[in-house]
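J.: Just work.cif, nothing more (mmCIF, C-alpha atoms):
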```cif
data_input
loop_
_atom_site.label_atom_id
_atom_site.label_comp_id
_atom_site.auth_asym_id
_atom_site.auth_seq_id
_atom_site.Cartn_x
_atom_site.Cartn_y
_atom_site.Cartn_z
CA MET A 861 -83.42 61.07 67.05
CA PRO A 862 -82.27 57.42 66.60
CA ASP A 863 -83.15 55.02 69.37
CA ALA A 864 -80.71 52.68 71.22
CA SER A 865 -81.48 49.64 69.01
CA THR A 866 -80.61 51.58 65.85
CA LYS A 867 -77.27 52.63 67.36
CA THR A 868 -76.54 49.01 68.35
CA ASP A 869 -77.41 47.75 64.85
CA ALA A 870 -75.22 50.44 63.27
CA HIS A 871 -72.36 49.60 65.66
CA SER A 872 -72.66 45.85 64.88
CA ALA A 873 -72.70 46.53 61.14
CA SER A 874 -69.65 48.76 61.50
CA GLN A 875 -67.74 46.05 63.42
CA TRP A 876 -68.70 43.43 60.85
CA LEU A 877 -67.51 45.68 58.01
CA SER A 878 -64.21 46.35 59.83
CA ARG A 879 -63.60 42.61 60.26
CA LYS A 880 -64.38 42.01 56.57
CA ARG A 881 -61.93 44.73 55.48
CA ALA A 882 -59.21 43.32 57.75
CA ALA A 883 -59.73 39.85 56.27
CA ILE A 884 -59.41 41.23 52.75
CA ARG A 885 -56.19 43.12 53.59
CA SER A 886 -54.46 40.12 55.19
CA PRO A 887 -55.52 36.92 53.45
CA VAL A 888 -54.27 33.60 54.78
CA PRO A 889 -52.28 31.80 52.08
CA LYS A 890 -54.21 28.67 51.14
CA ASP A 891 -51.72 27.18 48.69
CA SER A 892 -48.72 26.61 50.92
CA ARG A 893 -47.83 25.22 54.30
CA THR A 894 -44.79 24.16 56.25
CA LEU A 895 -44.96 21.15 58.52
CA SER A 896 -42.19 20.28 60.92
CA LEU A 897 -42.01 16.49 60.98
CA SER A 898 -38.87 15.87 62.98
CA ALA A 899 -35.65 17.53 64.03
CA SER A 900 -33.94 16.16 60.93
CA LYS A 901 -36.55 16.74 58.24
CA LEU A 902 -38.79 19.58 57.15
CA ILE A 903 -41.34 19.23 54.41
CA THR A 904 -42.32 22.37 52.59
CA THR A 905 -44.98 21.79 49.99
CA VAL A 906 -47.57 23.49 47.82
CA ALA A 907 -51.03 22.01 47.42
CA PRO A 908 -51.34 20.15 44.10
CA THR A 909 -53.25 21.81 41.27
CA ALA A 910 -53.98 21.07 37.65
CA ASN A 911 -50.85 23.01 36.55
CA ALA A 912 -48.08 20.54 35.61
CA SER A 913 -45.31 22.65 37.14
CA GLU A 914 -47.17 22.75 40.47
CA SER A 915 -47.33 18.96 40.60
CA THR A 916 -43.55 18.79 40.21
CA LEU A 917 -41.78 17.59 43.36
CA VAL A 918 -38.18 18.73 43.82
CA ILE A 919 -36.36 17.22 46.79
CA VAL A 920 -33.38 19.02 48.33
CA VAL A 921 -30.92 17.09 50.51
CA ASP A 922 -28.43 19.25 52.43
CA ASP A 923 -27.16 18.95 55.99
CA ASP A 924 -27.26 22.76 56.26
CA ALA A 925 -30.91 23.39 57.18
CA SER A 926 -30.82 27.06 56.15
CA VAL A 927 -29.60 26.14 52.65
CA ALA A 928 -32.12 23.30 52.29
CA ASN A 929 -35.03 25.44 53.47
CA SER A 930 -34.13 28.52 51.41
CA THR A 931 -33.74 26.34 48.32
CA CYS A 932 -37.20 24.89 48.97
CA ARG A 933 -38.61 28.41 49.30
CA LEU A 934 -37.12 29.26 45.89
CA ILE A 935 -38.60 26.10 44.39
CA ARG A 936 -41.99 26.94 45.90
CA SER A 937 -41.78 30.49 44.50
CA LEU A 938 -41.48 28.91 41.06
CA GLY A 939 -44.77 27.06 41.53
CA MET A 940 -43.32 23.65 42.31
CA ARG A 941 -43.51 21.54 45.44
CA GLY A 942 -40.31 21.25 47.43
CA GLU A 943 -39.23 18.97 50.25
CA ALA A 944 -36.07 19.39 52.31
CA PHE A 945 -34.20 16.55 53.97
CA PHE A 946 -31.15 17.15 56.11
CA SER A 947 -29.49 13.79 55.42
CA GLY A 948 -29.45 11.14 52.74
CA ALA A 949 -30.60 8.53 55.26
CA ASP A 950 -33.70 10.60 56.08
CA LEU A 951 -34.60 10.74 52.39
CA LEU A 952 -34.08 7.02 51.89
CA ASN A 953 -36.07 6.15 55.01
CA SER A 954 -38.96 8.41 53.95
CA GLY A 955 -39.69 6.58 50.71
CA ARG A 956 -40.25 9.97 49.01
CA ALA A 957 -37.37 9.58 46.52
CA THR A 958 -39.60 7.46 44.27
CA GLU A 959 -42.07 10.36 43.98
CA ALA A 960 -39.53 13.07 43.16
CA SER A 961 -39.36 14.75 39.77
CA CYS A 962 -35.83 15.94 40.50
CA LEU A 963 -33.28 15.84 43.33
CA ILE A 964 -30.83 18.52 44.44
CA LEU A 965 -28.02 17.06 46.54
CA ASP A 966 -25.18 18.54 48.54
CA VAL A 967 -21.92 16.62 48.06
CA ARG A 968 -20.42 16.92 51.53
CA MET A 969 -22.73 15.48 54.18
CA PRO A 970 -22.02 13.30 57.22
CA SER A 971 -22.64 9.54 57.09
CA LEU A 972 -23.98 9.26 53.54
CA ASP A 973 -22.50 11.87 51.20
CA GLY A 974 -24.22 13.11 48.04
CA LEU A 975 -22.24 10.85 45.70
CA GLN A 976 -23.09 7.76 47.77
CA LEU A 977 -26.72 8.89 47.88
CA GLN A 978 -26.74 9.29 44.10
CA ARG A 979 -25.56 5.66 43.71
CA ARG A 980 -28.26 4.41 46.13
CA LEU A 981 -30.95 6.41 44.35
CA LYS A 982 -29.95 4.88 41.00
CA GLU A 983 -30.67 1.45 42.51
CA ILE A 984 -34.10 2.58 43.72
CA ARG A 985 -35.12 4.65 40.72
CA PRO A 986 -32.78 4.80 37.73
CA GLY A 987 -33.11 7.88 35.58
CA ILE A 988 -34.19 10.35 38.25
CA PRO A 989 -32.55 13.69 37.44
CA VAL A 990 -29.95 14.75 40.03
CA ILE A 991 -28.42 18.19 40.46
CA PHE A 992 -25.45 18.64 42.78
CA PHE A 993 -24.46 21.77 44.63
CA SER A 994 -21.53 22.24 46.96
CA ALA A 995 -19.33 24.86 48.53
CA HIS A 996 -16.40 22.56 49.26
CA ALA A 997 -16.31 19.74 46.71
CA GLY A 998 -13.28 19.32 44.51
CA LYS A 999 -12.94 18.79 40.78
CA GLU A 1000 -12.78 15.02 41.35
CA ASP A 1001 -16.18 15.07 43.11
CA GLU A 1002 -17.63 17.16 40.29
CA ASP A 1003 -16.27 14.81 37.61
CA GLN A 1004 -17.57 11.75 39.48
CA ALA A 1005 -21.05 13.27 39.87
CA LEU A 1006 -21.31 14.24 36.22
CA CYS A 1007 -19.91 10.90 34.99
CA SER A 1008 -22.52 9.16 37.15
CA GLY A 1009 -25.30 10.99 35.34
CA ALA A 1010 -25.86 14.23 37.26
CA VAL A 1011 -27.59 16.89 35.18
CA ALA A 1012 -25.42 19.66 36.62
CA PHE A 1013 -22.93 20.53 39.34
CA LEU A 1014 -23.27 24.00 40.86
CA ARG A 1015 -20.99 25.82 43.29
CA LYS A 1016 -22.49 27.47 46.38
CA PRO A 1017 -23.63 30.12 46.71
CA VAL A 1018 -25.92 29.26 43.82
CA HIS A 1019 -27.53 32.11 41.92
CA ARG A 1020 -31.30 31.89 41.56
CA GLY A 1021 -31.17 32.03 37.75
CA ASP A 1022 -28.59 29.24 37.53
CA LEU A 1023 -30.60 26.99 39.83
CA LEU A 1024 -33.80 27.69 37.90
CA ARG A 1025 -32.05 26.90 34.60
CA VAL A 1026 -30.69 23.54 35.79
CA ILE A 1027 -33.99 22.55 37.45
CA ARG A 1028 -35.74 23.18 34.13
CA MET A 1029 -32.99 21.25 32.33
CA ALA A 1030 -33.43 18.31 34.74
CA LEU A 1031 -37.21 18.33 34.34
CA GLU A 1032 -36.85 18.52 30.57
CA ARG A 1033 -34.52 15.49 30.67
CA ARG A 1034 -37.07 13.63 32.82
CA SER A 1035 -39.90 14.59 30.47
CA GLN A 1036 -37.95 13.47 27.40
CA ALA A 1037 -37.05 10.16 29.03
CA ALA A 1038 -40.71 9.54 29.89
CA HIS A 1039 -42.34 10.83 26.69
CA GLY A 1040 -39.64 10.85 24.03
CA PRO A 1041 -37.57 13.69 22.56
CA SER A 1042 -40.57 15.71 21.35
CA ALA A 1043 -41.80 16.33 24.91
CA SER A 1044 -41.23 19.80 26.27
CA LEU A 1045 -41.71 21.48 29.64
CA ALA A 1046 -43.40 24.89 29.42
CA GLU A 1047 -42.07 27.78 31.40
CA PRO A 1048 -44.15 28.52 34.50
CA GLY A 1049 -46.81 31.01 33.46
CA ASP A 1050 -46.59 30.19 29.72
CA GLN A 1051 -49.82 29.64 27.83
CA GLY A 1052 -50.12 26.75 25.46
#
```
The structure given in the file should be rewritten as structure tokens.
T.:
Amino acid sequence: MPDASTKTDAHSASQWLSRKRAAIRSPVPKDSRTLSLSASKLITTVAPTANASESTLVIVVDDDASVANSTCRLIRSLGMRGEAFFSGADLLNSGRATEASCLILDVRMPSLDGLQLQRRLKEIRPGIPVIFFSAHAGKEDEDQALCSGAVAFLRKPVHRGDLLRVIRMALERRSQAAHGPSASLAEPGDQG
């Protein structure tokens, strides 16, 4: 018959094994985090890795926090880093615009609208790819954005595939500007 110390050792081993199994079933994601920095800005980012697409920073500026945050979640699901700002002033004050690979801007925002922000960004960093999206902008706003160099102008609600296509287009434009026309951006997950 087993003695008390054997039962205790068996019980301890069983508890340890149960904790190990629980840890395996519910891993803590190590590659993403969300930090609330202020009431007007939320940074959602993925830790940098050697993969070029994961070092890509896409900044979203929209005064509708739910749109900005959900767009950043989509960007993160594609293996890129995303940061959401809820006003153009917050982006400009952060200094992060100079680090962005691409910007996605809402047209209609209080104080500094997307078109004004686009002009300011051109002064800070000419050539940064800009994508506009809006639920309420008119044809005149769309024409002005595109004539000012926007890569694309999308209507909200934006379909995931359309947003992905124009982000890739913007990053391709950035890559070609930096490395010449032979540069190409591989699809996330592509080998080679």
J.: Go through A:Ile964, A:Lys999, A:Ala925, A:Leu977 one by one, measure the shortest atom-to-atom distance of each to Val1011 in chain A using only C-alpha atoms, and give the residue with the smallest value.
T.: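 Between A:Ile964, A:Lys999, A:Ala925, A:Leu977, the residue approaching Val1011 in chain A most closely is A:Ile964.
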J.: Evaluating the PyMOL selection byres ((chain A and resi 974) around 12) on the displayed file yields which residues, as a PyMOL selection string?
T.: chain A and resi 920-923+946-949+951+963-973+975-981+990-994+997+1001-1002+1004-1005+1008+1010+1013
J.: Which one is closest to Gln1036 in chain A: A:Leu1024, A:Ile988, A:Leu1014, A:Val927? Count all atoms listed in the file.
T.: A:Ile988
J.: Under the rule that all atoms listed in the file are counted, which of A:Gly955, A:Gly998, A:Gly1021, A:Gly1009 is the nearest residue to Leu934 in chain A?
T.: A:Gly1021
J.: Emit a file covering range 901-972 of chain A of the preceding structure with C-alpha atoms, as an mmCIF file, in the first residue's frame.
T.:
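This went into out15.cif:
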```cif
data_model
loop_
_atom_site.group_PDB
_atom_site.id
_atom_site.type_symbol
_atom_site.label_atom_id
_atom_site.label_comp_id
_atom_site.auth_asym_id
_atom_site.auth_seq_id
_atom_site.Cartn_x
_atom_site.Cartn_y
_atom_site.Cartn_z
ATOM 1 C CA LYS A 901 -5.022 57.799 -29.548
ATOM 2 C CA LEU A 902 -4.654 54.038 -29.473
ATOM 3 C CA ILE A 903 -1.595 52.264 -30.763
ATOM 4 C CA THR A 904 -2.052 48.723 -31.912
ATOM 5 C CA THR A 905 1.163 47.111 -33.024
ATOM 6 C CA VAL A 906 2.845 43.805 -33.767
ATOM 7 C CA ALA A 907 6.366 43.120 -32.558
ATOM 8 C CA PRO A 908 8.893 43.570 -35.393
ATOM 9 C CA THR A 909 10.340 40.470 -37.034
ATOM 10 C CA ALA A 910 12.623 39.711 -39.933
ATOM 11 C CA ASN A 911 9.617 39.452 -42.316
ATOM 12 C CA ALA A 912 9.388 42.624 -44.432
ATOM 13 C CA SER A 913 5.591 42.759 -44.308
ATOM 14 C CA GLU A 914 5.666 42.618 -40.497
ATOM 15 C CA SER A 915 7.951 45.654 -40.343
ATOM 16 C CA THR A 916 5.439 47.637 -42.413
ATOM 17 C CA LEU A 917 3.703 50.378 -40.426
ATOM 18 C CA VAL A 918 0.259 51.433 -41.639
ATOM 19 C CA ILE A 919 -1.267 54.398 -39.831
ATOM 20 C CA VAL A 920 -5.040 54.896 -39.792
ATOM 21 C CA VAL A 921 -6.505 58.323 -38.991
ATOM 22 C CA ASP A 922 -10.267 58.370 -38.393
ATOM 23 C CA ASP A 923 -12.311 60.234 -35.795
ATOM 24 C CA ASP A 924 -14.558 57.156 -35.476
ATOM 25 C CA ALA A 925 -12.610 55.016 -32.993
ATOM 26 C CA SER A 926 -14.435 51.804 -33.918
ATOM 27 C CA VAL A 927 -13.506 52.223 -37.601
ATOM 28 C CA ALA A 928 -9.889 53.137 -36.801
ATOM 29 C CA ASN A 929 -9.460 50.216 -34.403
ATOM 30 C CA SER A 930 -11.154 47.625 -36.622
ATOM 31 C CA THR A 931 -9.042 48.761 -39.576
ATOM 32 C CA CYS A 932 -5.918 48.330 -37.440
ATOM 33 C CA ARG A 933 -7.064 44.823 -36.469
ATOM 34 C CA LEU A 934 -7.399 43.979 -40.171
ATOM 35 C CA ILE A 935 -3.935 45.377 -40.871
ATOM 36 C CA ARG A 936 -2.520 43.359 -37.974
ATOM 37 C CA SER A 937 -4.224 40.201 -39.282
ATOM 38 C CA LEU A 938 -2.265 40.708 -42.504
ATOM 39 C CA GLY A 939 1.030 40.637 -40.604
ATOM 40 C CA MET A 940 1.680 44.369 -40.602
ATOM 41 C CA ARG A 941 1.901 46.843 -37.741
ATOM 42 C CA GLY A 942 -0.978 49.269 -37.432
ATOM 43 C CA GLU A 943 -1.466 52.444 -35.426
ATOM 44 C CA ALA A 944 -4.755 54.287 -35.031
ATOM 45 C CA PHE A 945 -5.058 58.010 -34.422
ATOM 46 C CA PHE A 946 -8.411 59.675 -33.894
ATOM 47 C CA SER A 947 -7.406 63.075 -35.301
ATOM 48 C CA GLY A 948 -4.913 64.517 -37.728
ATOM 49 C CA ALA A 949 -3.482 66.730 -34.982
ATOM 50 C CA ASP A 950 -2.732 63.674 -32.820
ATOM 51 C CA LEU A 951 -0.816 62.097 -35.701
ATOM 52 C CA LEU A 952 1.155 65.257 -36.421
ATOM 53 C CA ASN A 953 1.973 65.777 -32.744
ATOM 54 C CA SER A 954 3.144 62.170 -32.358
ATOM 55 C CA GLY A 955 5.919 62.395 -34.928
ATOM 56 C CA ARG A 956 4.971 58.898 -36.151
ATOM 57 C CA ALA A 957 4.019 60.019 -39.681
ATOM 58 C CA THR A 958 7.686 59.979 -40.692
ATOM 59 C CA GLU A 959 7.904 56.274 -39.797
ATOM 60 C CA ALA A 960 4.776 55.158 -41.658
ATOM 61 C CA SER A 961 4.910 52.956 -44.741
ATOM 62 C CA CYS A 962 1.383 54.004 -45.688
ATOM 63 C CA LEU A 963 -1.442 56.171 -44.323
ATOM 64 C CA ILE A 964 -5.185 55.557 -44.420
ATOM 65 C CA LEU A 965 -7.143 58.764 -43.839
ATOM 66 C CA ASP A 966 -10.800 59.574 -43.338
ATOM 67 C CA VAL A 967 -11.875 62.677 -45.260
ATOM 68 C CA ARG A 968 -14.398 64.150 -42.856
ATOM 69 C CA MET A 969 -12.855 64.843 -39.452
ATOM 70 C CA PRO A 970 -13.203 67.812 -37.087
ATOM 71 C CA SER A 971 -10.520 70.516 -36.962
ATOM 72 C CA LEU A 972 -8.087 69.088 -39.521
#
```
